[in-house]
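Trainee: You'll find upload.csv just under this line, and it carries CSV, N, CA and C atoms and all ligand atoms.
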chain,number,residue,atom,x,y,z
B,1,MET,N,0.8,-1.2,0.0
B,1,MET,CA,0.0,0.0,0.0
B,1,MET,C,0.9,1.2,0.0
B,2,LEU,N,0.5,2.2,-0.8
B,2,LEU,CA,1.2,3.5,-0.8
B,2,LEU,C,0.3,4.6,-0.3
B,3,SER,N,0.8,5.4,0.6
B,3,SER,CA,0.0,6.4,1.2
B,3,SER,C,0.7,7.7,1.4
B,4,THR,N,0.0,8.8,1.6
B,4,THR,CA,0.7,10.1,1.8
B,4,THR,C,0.3,10.6,3.2
B,5,VAL,N,1.2,11.3,3.8
B,5,VAL,CA,1.0,11.9,5.2
B,5,VAL,C,1.7,13.3,5.1
B,6,HIS,N,1.0,14.3,5.6
B,6,HIS,CA,1.7,15.6,5.7
B,6,HIS,C,2.6,15.7,6.9
B,7,ALA,N,3.9,15.9,6.7
B,7,ALA,CA,4.9,15.9,7.7
B,7,ALA,C,6.0,16.7,7.2
B,8,ARG,N,6.9,17.2,8.1
B,8,ARG,CA,8.0,18.1,7.7
B,8,ARG,C,9.1,17.2,7.0
B,9,ASP,N,9.3,16.0,7.4
B,9,ASP,CA,10.4,15.2,6.8
B,9,ASP,C,10.0,13.7,7.1
B,10,SER,N,10.9,12.8,6.8
B,10,SER,CA,10.6,11.4,6.9
B,10,SER,C,10.5,11.0,8.4
B,11,VAL,N,11.3,11.5,9.3
B,11,VAL,CA,11.2,11.2,10.7
B,11,VAL,C,9.8,11.8,11.2
B,12,GLY,N,9.5,13.0,10.8
B,12,GLY,CA,8.2,13.6,11.1
B,12,GLY,C,7.0,12.7,10.7
B,13,CYS,N,7.2,12.0,9.6
B,13,CYS,CA,6.1,11.1,9.1
B,13,CYS,C,6.0,9.9,10.0
B,14,LEU,N,7.1,9.4,10.5
B,14,LEU,CA,7.1,8.3,11.5
B,14,LEU,C,6.3,8.7,12.8
B,15,TYR,N,6.6,9.9,13.2
B,15,TYR,CA,5.9,10.4,14.4
B,15,TYR,C,4.4,10.5,14.1
B,16,ARG,N,4.0,11.0,12.9
B,16,ARG,CA,2.6,11.1,12.6
B,16,ARG,C,2.0,9.7,12.6
B,17,LEU,N,2.7,8.7,12.1
B,17,LEU,CA,2.1,7.4,12.1
B,17,LEU,C,1.9,6.9,13.5
B,18,LEU,N,2.8,7.2,14.4
B,18,LEU,CA,2.7,6.8,15.8
B,18,LEU,C,1.5,7.5,16.4
B,19,GLU,N,1.3,8.8,16.1
B,19,GLU,CA,0.1,9.6,16.6
B,19,GLU,C,-1.2,9.0,16.1
B,20,LEU,N,-1.1,8.4,14.9
B,20,LEU,CA,-2.3,7.8,14.3
B,20,LEU,C,-2.6,6.4,14.9
B,21,GLY,N,-1.8,5.9,15.8
B,21,GLY,CA,-2.1,4.7,16.5
B,21,GLY,C,-1.3,3.5,16.2
B,22,PHE,N,-0.3,3.6,15.2
B,22,PHE,CA,0.6,2.5,14.9
B,22,PHE,C,1.6,2.4,16.0
B,23,THR,N,2.0,1.1,16.2
B,23,THR,CA,3.1,0.9,17.2
B,23,THR,C,4.4,0.8,16.5
B,24,TYR,N,5.5,0.9,17.3
B,24,TYR,CA,6.8,0.8,16.7
B,24,TYR,C,7.0,-0.6,16.1
B,25,ARG,N,6.4,-1.6,16.8
B,25,ARG,CA,6.5,-3.0,16.2
B,25,ARG,C,5.8,-3.1,14.9
B,26,GLU,N,4.6,-2.5,14.8
B,26,GLU,CA,3.9,-2.6,13.5
B,26,GLU,C,4.7,-1.9,12.4
B,27,LEU,N,5.3,-0.7,12.7
B,27,LEU,CA,6.0,0.0,11.7
B,27,LEU,C,7.3,-0.8,11.3
B,28,GLU,N,7.9,-1.4,12.3
B,28,GLU,CA,9.1,-2.2,11.9
B,28,GLU,C,8.8,-3.4,11.0
B,29,GLN,N,7.6,-4.0,11.3
B,29,GLN,CA,7.2,-5.2,10.5
B,29,GLN,C,6.6,-4.9,9.2
B,30,THR,N,6.0,-3.7,9.0
B,30,THR,CA,5.3,-3.5,7.7
B,30,THR,C,5.8,-2.3,6.8
B,31,LEU,N,6.5,-1.4,7.4
B,31,LEU,CA,6.9,-0.2,6.6
B,31,LEU,C,8.2,-0.5,5.8
B,32,LEU,N,8.1,-0.3,4.5
B,32,LEU,CA,9.3,-0.6,3.7
B,32,LEU,C,10.1,0.7,3.5
B,33,GLY,N,9.5,1.9,3.6
B,33,GLY,CA,10.3,3.1,3.4
B,33,GLY,C,9.4,4.3,3.5
B,34,VAL,N,10.0,5.4,3.7
B,34,VAL,CA,9.4,6.7,3.8
B,34,VAL,C,10.1,7.7,2.8
B,35,VAL,N,9.4,8.3,2.0
B,35,VAL,CA,10.0,9.3,1.1
B,35,VAL,C,9.3,10.7,1.4
B,36,SER,N,10.2,11.6,1.6
B,36,SER,CA,9.7,13.0,1.9
B,36,SER,C,10.1,13.8,0.7
B,37,GLN,N,9.3,14.8,0.3
B,37,GLN,CA,9.6,15.5,-0.9
B,37,GLN,C,9.3,17.0,-0.8
B,38,ARG,N,10.0,17.9,-1.5
B,38,ARG,CA,9.7,19.3,-1.6
B,38,ARG,C,9.9,19.7,-3.1
B,39,LEU,N,8.9,20.5,-3.5
B,39,LEU,CA,9.1,21.1,-4.8
B,39,LEU,C,9.7,22.4,-4.7
B,40,VAL,N,10.9,22.6,-5.3
B,40,VAL,CA,11.6,23.9,-5.1
B,40,VAL,C,11.9,24.5,-6.4
B,41,LEU,N,11.9,25.9,-6.4
B,41,LEU,CA,12.2,26.6,-7.7
B,41,LEU,C,13.7,26.5,-8.0
B,42,THR,N,14.0,26.3,-9.2
B,42,THR,CA,15.4,26.2,-9.6
B,42,THR,C,15.9,27.6,-10.0
B,43,LYS,N,17.1,27.8,-10.0
B,43,LYS,CA,17.7,29.1,-10.2
B,43,LYS,C,17.9,29.4,-11.7
B,44,CYS,N,17.6,30.6,-12.2
B,44,CYS,CA,17.8,30.9,-13.6
B,44,CYS,C,19.3,30.9,-13.8
B,45,PRO,N,19.8,30.2,-14.9
B,45,PRO,CA,21.2,30.0,-15.1
B,45,PRO,C,21.8,31.4,-15.6
B,46,TYR,N,21.0,32.3,-16.0
B,46,TYR,CA,21.6,33.6,-16.5
B,46,TYR,C,21.5,34.7,-15.6
B,47,CYS,N,20.5,34.7,-14.7
B,47,CYS,CA,20.4,35.8,-13.7
B,47,CYS,C,20.8,35.3,-12.3
B,48,LYS,N,20.7,36.1,-11.3
B,48,LYS,CA,21.1,35.6,-10.0
B,48,LYS,C,19.8,35.2,-9.3
B,49,GLU,N,19.4,35.8,-8.2
B,49,GLU,CA,18.2,35.4,-7.4
B,49,GLU,C,17.0,35.7,-8.2
B,50,GLU,N,16.8,36.9,-8.7
B,50,GLU,CA,15.6,37.3,-9.5
B,50,GLU,C,16.0,37.5,-10.9
B,51,CYS,N,15.0,37.1,-11.8
B,51,CYS,CA,15.3,37.2,-13.2
B,51,CYS,C,15.2,38.7,-13.6
B,52,HIS,N,16.1,39.1,-14.5
B,52,HIS,CA,16.0,40.4,-15.1
B,52,HIS,C,14.7,40.5,-15.9
B,53,PRO,N,14.1,41.7,-16.0
B,53,PRO,CA,12.8,41.9,-16.7
B,53,PRO,C,12.9,41.4,-18.2
B,54,VAL,N,14.1,41.5,-18.8
B,54,VAL,CA,14.1,41.0,-20.2
B,54,VAL,C,14.7,39.6,-20.4
B,55,CYS,N,14.9,38.9,-19.3
B,55,CYS,CA,15.4,37.5,-19.4
B,55,CYS,C,14.4,36.7,-20.1
B,56,PHE,N,14.8,36.0,-21.1
B,56,PHE,CA,13.9,35.1,-21.9
B,56,PHE,C,13.3,33.9,-21.0
B,57,ARG,N,14.0,33.7,-19.9
B,57,ARG,CA,13.6,32.6,-19.1
B,57,ARG,C,12.6,33.0,-18.0
B,58,ARG,N,12.4,34.4,-18.0
B,58,ARG,CA,11.5,34.9,-17.0
B,58,ARG,C,10.1,34.3,-17.1
B,59,ARG,N,9.5,34.1,-15.9
B,59,ARG,CA,8.2,33.4,-15.8
B,59,ARG,C,8.3,31.9,-16.3
B,60,LYS,N,9.4,31.4,-16.5
B,60,LYS,CA,9.6,30.0,-16.8
B,60,LYS,C,10.4,29.3,-15.8
B,61,MET,N,10.4,29.9,-14.6
B,61,MET,CA,11.2,29.3,-13.5
B,61,MET,C,10.7,27.9,-13.3
B,62,LYS,N,11.6,27.0,-13.5
B,62,LYS,CA,11.2,25.6,-13.4
B,62,LYS,C,11.3,25.1,-11.9
B,63,ARG,N,10.5,24.2,-11.6
B,63,ARG,CA,10.6,23.6,-10.3
B,63,ARG,C,11.1,22.2,-10.4
B,64,MET,N,11.8,21.7,-9.3
B,64,MET,CA,12.2,20.3,-9.3
B,64,MET,C,11.9,19.7,-8.0
B,65,GLY,N,11.8,18.4,-8.0
B,65,GLY,CA,11.6,17.7,-6.7
B,65,GLY,C,12.9,17.4,-6.0
B,66,VAL,N,12.9,17.6,-4.7
B,66,VAL,CA,14.0,17.2,-3.9
B,66,VAL,C,13.4,16.1,-2.9
B,67,TYR,N,14.1,14.9,-2.9
B,67,TYR,CA,13.5,13.8,-2.2
B,67,TYR,C,14.5,13.3,-1.1
B,68,GLU,N,13.9,12.9,0.0
B,68,GLU,CA,14.6,12.2,1.1
B,68,GLU,C,14.1,10.8,1.2
B,69,VAL,N,14.9,9.8,1.1
B,69,VAL,CA,14.4,8.5,1.2
B,69,VAL,C,15.0,7.8,2.5
B,70,LEU,N,14.1,7.3,3.3
B,70,LEU,CA,14.4,6.6,4.5
B,70,LEU,C,13.9,5.2,4.4
B,71,ALA,N,14.8,4.3,4.3
B,71,ALA,CA,14.4,2.9,4.1
B,71,ALA,C,15.5,1.9,4.6
B,72,GLU,N,15.2,0.6,4.6
B,72,GLU,CA,16.0,-0.5,5.0
B,72,GLU,C,16.7,-0.2,6.3
B,73,ARG,N,18.0,-0.4,6.4
B,73,ARG,CA,18.8,-0.3,7.6
B,73,ARG,C,18.6,1.0,8.3
B,74,ASP,N,18.6,2.1,7.5
B,74,ASP,CA,18.4,3.4,8.1
B,74,ASP,C,17.1,3.6,8.8
B,75,LEU,N,16.1,3.1,8.1
B,75,LEU,CA,14.7,3.1,8.7
B,75,LEU,C,14.7,2.3,10.0
B,76,GLU,N,15.3,1.1,10.0
B,76,GLU,CA,15.3,0.3,11.3
B,76,GLU,C,16.1,1.1,12.4
B,77,ASN,N,17.2,1.7,12.0
B,77,ASN,CA,18.0,2.5,13.0
B,77,ASN,C,17.2,3.7,13.6
B,78,VAL,N,16.5,4.4,12.7
B,78,VAL,CA,15.8,5.6,13.1
B,78,VAL,C,14.6,5.1,14.0
B,79,LEU,N,13.9,4.0,13.7
B,79,LEU,CA,12.9,3.5,14.6
B,79,LEU,C,13.4,3.2,15.9
B,80,ARG,N,14.6,2.5,16.0
B,80,ARG,CA,15.2,2.2,17.3
B,80,ARG,C,15.6,3.5,18.0
B,81,TRP,N,16.1,4.5,17.3
B,81,TRP,CA,16.4,5.7,17.9
B,81,TRP,C,15.2,6.4,18.5
B,82,MET,N,14.1,6.3,17.8
B,82,MET,CA,12.9,7.0,18.3
B,82,MET,C,12.3,6.2,19.5
B,83,GLU,N,12.7,5.0,19.7
B,83,GLU,CA,12.3,4.2,20.9
B,83,GLU,C,13.2,4.4,22.0
B,84,GLY,N,14.3,5.2,21.8
B,84,GLY,CA,15.2,5.5,22.9
B,84,GLY,C,16.7,5.1,22.8
B,85,ALA,N,17.0,4.3,21.7
B,85,ALA,CA,18.4,3.9,21.5
B,85,ALA,C,19.2,5.1,21.1
B,86,SER,N,20.5,5.1,21.2
B,86,SER,CA,21.3,6.2,20.8
B,86,SER,C,21.3,6.3,19.3
B,87,PHE,N,21.4,7.5,18.8
B,87,PHE,CA,21.4,7.7,17.3
B,87,PHE,C,22.6,7.1,16.6
B,88,GLY,N,23.8,7.4,17.2
B,88,GLY,CA,25.0,6.8,16.6
B,88,GLY,C,25.3,7.3,15.2
B,89,ASP,N,26.5,6.9,14.8
B,89,ASP,CA,27.0,7.4,13.4
B,89,ASP,C,26.5,6.4,12.3
B,90,HIS,N,25.8,5.3,12.7
B,90,HIS,CA,25.4,4.4,11.7
B,90,HIS,C,24.2,4.8,10.9
B,91,VAL,N,23.5,5.9,11.3
B,91,VAL,CA,22.4,6.4,10.5
B,91,VAL,C,22.9,7.4,9.4
B,92,LYS,N,22.9,7.0,8.2
B,92,LYS,CA,23.6,7.7,7.2
B,92,LYS,C,22.7,8.3,6.1
B,93,TYR,N,21.4,8.2,6.2
B,93,TYR,CA,20.5,8.6,5.2
B,93,TYR,C,20.7,10.1,5.0
B,94,LYS,N,20.5,10.6,3.8
B,94,LYS,CA,20.7,12.0,3.5
B,94,LYS,C,19.3,12.7,3.5
B,95,THR,N,19.2,13.8,4.3
B,95,THR,CA,18.0,14.5,4.5
B,95,THR,C,17.7,15.5,3.4
B,96,ILE,N,16.5,16.0,3.4
B,96,ILE,CA,16.1,17.1,2.4
B,96,ILE,C,17.0,18.3,2.7
B,97,LYS,N,17.3,18.6,3.9
B,97,LYS,CA,18.2,19.7,4.2
B,97,LYS,C,19.6,19.5,3.5
B,98,HIS,N,20.1,18.3,3.6
B,98,HIS,CA,21.4,18.0,2.9
B,98,HIS,C,21.3,18.3,1.4
B,99,TYR,N,20.2,17.8,0.7
B,99,TYR,CA,20.1,18.0,-0.7
B,99,TYR,C,19.8,19.4,-1.1
B,100,ILE,N,19.1,20.2,-0.3
B,100,ILE,CA,18.8,21.6,-0.6
B,100,ILE,C,20.1,22.4,-0.4
B,101,GLN,N,20.9,22.1,0.6
B,101,GLN,CA,22.2,22.8,0.8
B,101,GLN,C,23.1,22.4,-0.4
B,102,GLN,N,23.1,21.2,-0.8
B,102,GLN,CA,23.9,20.8,-1.9
B,102,GLN,C,23.5,21.5,-3.2
B,103,GLY,N,22.1,21.6,-3.4
B,103,GLY,CA,21.6,22.3,-4.6
B,103,GLY,C,22.0,23.8,-4.6
B,104,ILE,N,22.0,24.4,-3.4
B,104,ILE,CA,22.5,25.8,-3.3
B,104,ILE,C,24.0,25.9,-3.6
B,105,ALA,N,24.7,25.0,-3.0
B,105,ALA,CA,26.2,25.1,-3.2
B,105,ALA,C,26.6,24.9,-4.6
B,106,LEU,N,25.9,24.0,-5.4
B,106,LEU,CA,26.2,23.7,-6.7
B,106,LEU,C,25.6,24.7,-7.7
B,107,GLY,N,24.7,25.7,-7.2
B,107,GLY,CA,24.2,26.8,-8.0
B,107,GLY,C,22.9,26.4,-8.7
B,108,PHE,N,22.3,25.3,-8.4
B,108,PHE,CA,21.0,25.0,-9.0
B,108,PHE,C,19.8,25.6,-8.3
B,109,LEU,N,19.9,25.9,-7.0
B,109,LEU,CA,18.8,26.5,-6.3
B,109,LEU,C,19.2,27.9,-5.8
B,110,PRO,N,18.3,28.8,-5.7
B,110,PRO,CA,18.6,30.1,-5.2
B,110,PRO,C,18.9,30.0,-3.7
B,111,GLU,N,19.7,30.9,-3.1
B,111,GLU,CA,20.0,30.9,-1.7
B,111,GLU,C,18.8,31.1,-0.8
B,112,SER,N,17.7,31.7,-1.4
B,112,SER,CA,16.5,31.9,-0.6
B,112,SER,C,15.8,30.6,-0.3
B,113,SER,N,16.2,29.5,-1.0
B,113,SER,CA,15.7,28.2,-0.7
B,113,SER,C,16.0,27.8,0.7
B,114,TYR,N,17.2,28.2,1.2
B,114,TYR,CA,17.6,27.8,2.5
B,114,TYR,C,16.6,28.3,3.5
B,115,GLU,N,16.4,29.6,3.5
B,115,GLU,CA,15.5,30.2,4.4
B,115,GLU,C,14.1,29.6,4.3
B,116,LYS,N,13.6,29.4,3.1
B,116,LYS,CA,12.3,29.0,2.9
B,116,LYS,C,12.0,27.5,3.4
B,117,TRP,N,13.0,26.7,3.1
B,117,TRP,CA,12.8,25.2,3.4
B,117,TRP,C,13.5,24.7,4.6
B,118,ILE,N,14.5,25.4,5.0
B,118,ILE,CA,15.3,24.9,6.2
B,118,ILE,C,15.2,25.8,7.3
B,119,GLY,N,15.5,27.1,7.1
B,119,GLY,CA,15.4,28.2,8.0
B,119,GLY,C,15.6,27.8,9.5
B,120,GLU,N,16.8,28.0,10.0
B,120,GLU,CA,17.1,27.7,11.4
B,120,GLU,C,17.5,28.9,12.1
G,1,ZN,ZN,16.7,34.9,-15.7
Go through the file and emit its structure as structure tokens.
Ligand SMILES: [Zn+2]

Mentor:
Amino acid sequence: MLSTVHARDSVGCLYRLLELGFTYRELEQTLLGVVSQRLVLTKCPYCKEECHPVCFRRRKMKRMGVYEVLAERDLENVLRWMEGASFGDHVKYKTIKHYIQQGIALGFLPESSYEKWIGE
């Protein structure tokens, strides 16, 4: 079964499932993975943050999906951590925050994406 839940990220989705009445054991036994997504605006390759009024790409700002996948061993470790085990260095899944920071660093996403989607 495939379903959607509104949550901030994959771990937030697990908390939502617990709030909905699932137990840790049920999640461990049945959940194959959690994918969290954000649709973000990509940066114009010709302008900086805002498109110049004569930019031919103006109003054609494309969006792209940024995905965080929590599955297999990482999912098991996160569920154990949520039950009280130490987080440890063995949880290696990459978060949406990581991919958005990477997108900004590589110049695909405007810097305003950080404030909008991560904002700390
Ligand atoms: Zn532009």

Trainee: Give me, as a PyMOL selection string, the set of residues whose atoms come within 6.5 Å of any atom of ligand ZN 1 (chain G), counting all atoms listed in the file.

Mentor: chain B and resi 44-48+50-52+55-58

Trainee: Identify, with DSSP run on backbone atoms, the residues in segment 19-87 of chain B assigned to strand (DSSP E), and express the list as a list in words.

Mentor: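 The strand (DSSP E) residues within segment 19-87 of chain B come out as Gly33, Val34, Val35, Ser36, Gln37, Arg38, Leu39, Val40, Leu41, Arg63, Met64, Gly65, Val66, Tyr67, Glu68, Val69, Leu70 and Ala71 of chain B.
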
Trainee: Quick check, in Å to one decimal: how far apart do atom N of Gly107 of chain B and atom C of Met64 of chain B lie?

Mentor: 14.2 Å

Trainee: Hey, can you check how far atom N of Val35 of chain B sits from atom CA of Gln101 of chain B?

Mentor: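 Straight-line distance from atom N of Val35 of chain B to atom CA of Gln101 of chain B works out to 19.4 Å.
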
Trainee: Just to confirm, what's the straight-line distance from atom C of Val34 of chain B to atom CA of Lys116 of chain B in Å (one decimal)?

Mentor: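 Atom CA of Lys116 of chain B lies 21.4 Å from atom C of Val34 of chain B.
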